[in-house]
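Data block below; observations after.
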Amino acid sequence: MTLRFVDEDGLARTFWLQRGSTARVARRQFDRWFPDGTGELQLYLSARCRQRCEFCEYGMTRDALKGRTRDAASAMARAVVPDLFSTGAVDALLGRCAETSVRFTTTGYDWLEHPRRDALLAALERAPTVPKFLQGPSTGLTDPALRARVCALPGLQKVRTTLQSSDPHEHDAMVGREGAGRALLEVLTRIEPRLLEVSVVLTRRAVRSLSQTLQWAREHHLKLKLQGFRPDPGLPHPEPLWPDPADVRAALEAPHARDAIATLIALPGDAVPPALAHLAQPGFDAAAAAAAAAAAAASASAACDSPR
Ligand code: SF4
């Protein structure tokens with residue numbers, strides 16, 4: 001298991017809890033990570049997810065040698081790291097969150113699949129004043145009893161998840177798991193909108209149904225976070241995933257779009273209509289986009305040059 005600290009600038013630092021960790025060590029680490037008592041603590045549980053999202057390095061490489069090595073490292077860590085729940089480490093961290101202004105997020109990769117999920121939920125219930133975020137594919141929340149328990153968590157701020165398309169088959173194709181789209185759409189219609197934070201990663205395929213996804217969101221009183229595609233450094237062959245900015249812009253110019261968007265993150269300027277400029281946040285990687293365009297052009301040229 002790892003603990004990841006995200007500071008106010010969004011920089012993430014990950015720490016392995018070492019063998020012999022206790023509640024005392026967790027408290028000491030907490031005070032080192034959050035000297036001014038603000039920020040967000042991410043508890044990263046390394047629970048294997050059942051998806052294979054096209055934009056995710058982990059999903060696309062975990063069956064390759066590199067990914068298997070990482071999985072083996074996680075398994076070894078699980079074997080040698082004492083249980084964070086029975087040692088009281090998680091309670092200690094939540095206790096320090098309650099005494100400070102640090103938010104608590106549970107993530108990685110699908111926390112609902114973690115064997116100690118119920119122990120985690122019990123720990124969260126014992127810390128009613130701590131602001132909590134739960135991040136993952138969230139399809140496990142089709143279980144009514146589990147969903148009711150999660151939604152009743154005191155201090156719950158948001159269930160964070162990713163919807164690639166309101167067309168369930170399109171969503172399935174992009175996350176690499178049949179049935180995921182139907183399950184997620186059910187979950188999103190059964191949880192109060194104020195408890196949801198839903199993102200769309202704007203890959204080329206997601207943009208194809210973006211207008212329809214925004215329409216669906218509007219009908220369900222949701223505002224989506226639209227995230228520009230920013231490939232992980234180890235994602236194999238990201239070039240075909242880059243969308244055409246003109247296609248993004250066309251979807252965003254639809255009359256229903258404005259009411260269905262919370263923020264536009266890391267989009268190229270020419271993809272954002274002027275009427276939505278106030279929703280845009282920076283972060284677009286112009287160099288990576290240019291490299292992808294060059295690679296696509298080279299590949300098209302090679303195809304034209306190849307003998308028939
Ligand atoms: S669910 Fe999360 S961890 Fe799993 S493949 Fe998708 S983005 Fe990656």
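A note on labels: chains of the structure tokens are A, B, ... as shown, every chain counts residues from 1, and ligands are counted from 1 in their shown order.
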task = Would you mind listing what lies within 9 Å of range 200-203 of chain A as a count of residues only, with only C-alpha atoms counted and same-chain residues fewer than 5 positions away left out?
result = 23
ask   = So which residues are near ligand 1, meaning at most 7 Å away with only C-alpha atoms and all ligand atoms counted, given back as a list in words?
value = Cys49, Arg50, Gln51, Arg52, Cys53, Cys56, Glu57, Tyr58, Gly59, Gly108, Tyr109, Asp110, Gly136, Pro137 and Val175 of chain A
task = Determine, counting only C-alpha atoms, which protein, DNA and RNA residues have an atom within 9 Å of an atom of Ala289 in chain A; residues of the same chain fewer than 3 positions away are not included. Present the result as a PyMOL selection string.
result = chain A and resi 230+239+242+284-286+292-294
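Residue nearest Thr263 in chain A, chosen from A:Gln215, A:Pro238, A:Val198, A:Lys132 and counting only C-alpha atoms: A:Val198.
Using only C-alpha atoms for every distance, the candidate list A:Ala173, A:Leu222, A:Ala92, A:Val272 yields A:Leu222 as the residue closest to Arg194 in chain A.
CA of Leu141 in chain A sits 25.0 Å away from CA of Asp71 in chain A.
For the pair CA of Ala89 in chain A and CA of Ala26 in chain A, the interatomic distance is 5.7 Å.
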inquiry  = Going by DSSP on the backbone, which residues of range 17-256 of chain A come out as alpha helix (DSSP H)? List them as a PyMOL selection string.
reply    = chain A and resi 23-33+57-61+65-80+89-99+117-125+144-151+168-175+180-190+204-208+210-219+245-252
With C-alpha atoms retained, export the selected residues as a compact mmCIF listing (two decimals), in the first residue's frame.
# COMPACT_ATOMS: atom_id res chain seq x y z
CA ALA A 23 -0.23 4.56 13.97
CA ARG A 24 2.61 6.52 15.57
CA VAL A 25 4.68 6.42 12.36
CA ALA A 26 1.65 7.39 10.30
CA ARG A 27 1.02 10.41 12.52
CA ARG A 28 4.66 11.45 12.33
CA GLN A 29 4.66 11.12 8.53
CA PHE A 30 1.43 13.07 8.30
CA ASP A 31 2.95 15.99 10.19
CA ARG A 32 5.95 15.96 7.85
CA TRP A 33 3.77 15.94 4.74
CA GLU A 57 -0.67 3.62 -18.77
CA TYR A 58 -1.45 1.14 -16.01
CA GLY A 59 -4.41 -0.33 -17.86
CA MET A 60 -2.52 -0.66 -21.13
CA THR A 61 0.75 -2.02 -19.74
CA LEU A 65 6.56 -7.15 -18.61
CA LYS A 66 6.86 -3.63 -17.20
CA GLY A 67 3.34 -3.67 -15.82
CA ARG A 68 3.75 -7.18 -14.41
CA THR A 69 6.89 -6.04 -12.62
CA ARG A 70 4.91 -3.24 -11.03
CA ASP A 71 2.13 -5.63 -10.04
CA ALA A 72 4.71 -7.95 -8.51
CA ALA A 73 6.15 -5.03 -6.55
CA SER A 74 2.67 -4.17 -5.30
CA ALA A 75 2.03 -7.77 -4.28
CA MET A 76 5.36 -7.89 -2.44
CA ALA A 77 4.57 -4.64 -0.69
CA ARG A 78 1.19 -6.02 0.35
CA ALA A 79 2.92 -9.08 1.75
CA VAL A 80 5.44 -7.18 3.87
CA ALA A 89 -2.58 3.66 10.86
CA VAL A 90 -5.62 4.71 8.82
CA ASP A 91 -7.51 5.78 11.94
CA ALA A 92 -4.45 7.79 13.00
CA LEU A 93 -4.27 9.54 9.62
CA LEU A 94 -7.97 10.29 9.65
CA GLY A 95 -7.60 11.57 13.20
CA ARG A 96 -4.91 14.02 12.09
CA CYS A 97 -7.11 15.05 9.13
CA ALA A 98 -9.87 15.81 11.63
CA GLU A 99 -7.49 17.97 13.69
CA ARG A 117 -12.79 -2.24 1.63
CA ASP A 118 -15.21 -2.73 4.50
CA ALA A 119 -12.52 -1.93 7.06
CA LEU A 120 -11.82 1.27 5.15
CA LEU A 121 -15.50 2.21 5.12
CA ALA A 122 -15.70 1.58 8.86
CA ALA A 123 -12.67 3.83 9.42
CA LEU A 124 -14.25 6.57 7.31
CA GLU A 125 -17.45 6.27 9.33
CA PRO A 144 -27.64 -1.07 -3.58
CA ALA A 145 -26.42 -1.83 -0.03
CA LEU A 146 -22.86 -0.77 -0.78
CA ARG A 147 -24.05 2.37 -2.57
CA ALA A 148 -26.29 3.31 0.35
CA ARG A 149 -23.40 2.87 2.80
CA VAL A 150 -21.03 4.93 0.66
CA CYS A 151 -23.53 7.74 0.08
CA PRO A 168 -22.63 2.42 -22.98
CA HIS A 169 -21.05 0.49 -25.84
CA GLU A 170 -18.75 3.39 -26.67
CA HIS A 171 -17.80 3.70 -22.99
CA ASP A 172 -17.07 -0.04 -22.86
CA ALA A 173 -14.83 0.20 -25.91
CA MET A 174 -12.79 3.03 -24.37
CA VAL A 175 -12.41 1.46 -20.92
CA ALA A 180 -18.94 -1.05 -17.58
CA GLY A 181 -20.91 1.66 -19.39
CA ARG A 182 -24.32 0.31 -18.46
CA ALA A 183 -23.22 -0.16 -14.84
CA LEU A 184 -21.74 3.32 -14.56
CA LEU A 185 -24.77 5.02 -16.09
CA GLU A 186 -26.95 3.23 -13.57
CA VAL A 187 -24.71 4.39 -10.71
CA LEU A 188 -24.72 7.98 -11.95
CA THR A 189 -28.49 8.08 -12.08
CA ARG A 190 -28.85 6.65 -8.57
CA ARG A 204 -10.47 11.12 -30.14
CA ARG A 205 -13.13 8.47 -29.58
CA ALA A 206 -14.67 10.26 -26.57
CA VAL A 207 -15.02 13.41 -28.65
CA ARG A 208 -17.05 11.51 -31.26
CA LEU A 210 -19.15 14.23 -26.65
CA SER A 211 -22.17 16.24 -27.75
CA GLN A 212 -24.48 13.37 -26.88
CA THR A 213 -22.68 12.84 -23.54
CA LEU A 214 -23.14 16.50 -22.66
CA GLN A 215 -26.82 16.27 -23.54
CA TRP A 216 -27.16 13.23 -21.26
CA ALA A 217 -25.37 15.06 -18.45
CA ARG A 218 -27.62 18.07 -18.79
CA GLU A 219 -30.73 15.89 -18.61
CA PRO A 245 -9.34 20.50 -31.74
CA ALA A 246 -11.94 21.43 -34.36
CA ASP A 247 -14.04 18.40 -33.37
CA VAL A 248 -13.80 19.32 -29.68
CA ARG A 249 -14.86 22.86 -30.45
CA ALA A 250 -17.80 21.73 -32.58
CA ALA A 251 -19.11 19.63 -29.67
CA LEU A 252 -18.61 22.47 -27.19
key: All strand (DSSP E or B) residues (DSSP, backbone) inside range 48-184 of chain A, as a list in words   = Ser101, Val102, Arg103, Phe104, Thr105, Thr106, Thr107, Gly108, Tyr109, Lys132, Phe133, Leu134, Gln135, Leu156, Gln157, Lys158, Val159, Arg160, Thr161 and Thr162 of chain A
Suppose we keep N, CA and C atoms; can you now write the selection as a compact mmCIF listing (two decimals), in the first residue's frame?
# COMPACT_ATOMS: atom_id res chain seq x y z
N SER A 101 -6.79 20.80 8.46
CA SER A 101 -7.69 21.09 7.32
C SER A 101 -7.30 20.25 6.12
N VAL A 102 -6.86 19.02 6.36
CA VAL A 102 -6.43 18.14 5.27
C VAL A 102 -7.60 17.26 4.83
N ARG A 103 -7.85 17.24 3.52
CA ARG A 103 -8.91 16.40 2.97
C ARG A 103 -8.39 14.98 2.78
N PHE A 104 -9.29 14.02 2.69
CA PHE A 104 -8.90 12.62 2.57
C PHE A 104 -9.51 12.02 1.30
N THR A 105 -8.66 11.45 0.46
CA THR A 105 -9.13 10.82 -0.77
C THR A 105 -8.71 9.36 -0.81
N THR A 106 -9.63 8.49 -1.16
CA THR A 106 -9.32 7.08 -1.36
C THR A 106 -9.30 6.79 -2.84
N THR A 107 -8.24 6.13 -3.31
CA THR A 107 -8.14 5.87 -4.73
C THR A 107 -7.31 4.60 -4.97
N GLY A 108 -7.01 4.30 -6.24
CA GLY A 108 -6.07 3.30 -6.68
C GLY A 108 -6.45 1.84 -6.52
N TYR A 109 -6.36 1.06 -7.59
CA TYR A 109 -6.82 1.45 -8.90
C TYR A 109 -8.35 1.44 -8.89
N LYS A 132 -14.27 13.94 2.62
CA LYS A 132 -13.82 12.71 1.96
C LYS A 132 -14.15 12.70 0.48
N PHE A 133 -13.22 12.18 -0.30
CA PHE A 133 -13.42 11.98 -1.73
C PHE A 133 -13.12 10.52 -2.04
N LEU A 134 -13.92 9.92 -2.92
CA LEU A 134 -13.74 8.52 -3.28
C LEU A 134 -13.57 8.44 -4.79
N GLN A 135 -12.44 7.94 -5.24
CA GLN A 135 -12.09 8.06 -6.66
C GLN A 135 -11.85 6.69 -7.28
N LEU A 156 -18.82 12.97 3.33
CA LEU A 156 -18.56 12.66 1.92
C LEU A 156 -18.74 13.92 1.06
N GLN A 157 -17.70 14.26 0.30
CA GLN A 157 -17.78 15.41 -0.59
C GLN A 157 -18.17 14.99 -2.00
N LYS A 158 -17.38 14.04 -2.55
CA LYS A 158 -17.64 13.63 -3.93
C LYS A 158 -17.25 12.18 -4.17
N VAL A 159 -18.01 11.51 -4.99
CA VAL A 159 -17.59 10.28 -5.65
C VAL A 159 -17.06 10.71 -7.01
N ARG A 160 -15.74 10.50 -7.22
CA ARG A 160 -15.12 10.96 -8.47
C ARG A 160 -14.98 9.78 -9.42
N THR A 161 -15.43 9.97 -10.66
CA THR A 161 -15.31 8.88 -11.62
C THR A 161 -15.21 9.43 -13.04
N THR A 162 -15.02 8.52 -13.99
CA THR A 162 -14.83 8.91 -15.38
C THR A 162 -15.88 8.25 -16.26
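CA of Gly140 in chain A is found 13.3 Å from CA of Pro115 in chain A.
For the set A:Gly88, A:Thr100, A:Arg62, A:Arg258, the residue with the smallest atom-to-atom gap to Glu40 in chain A is A:Thr100, counting only C-alpha atoms.
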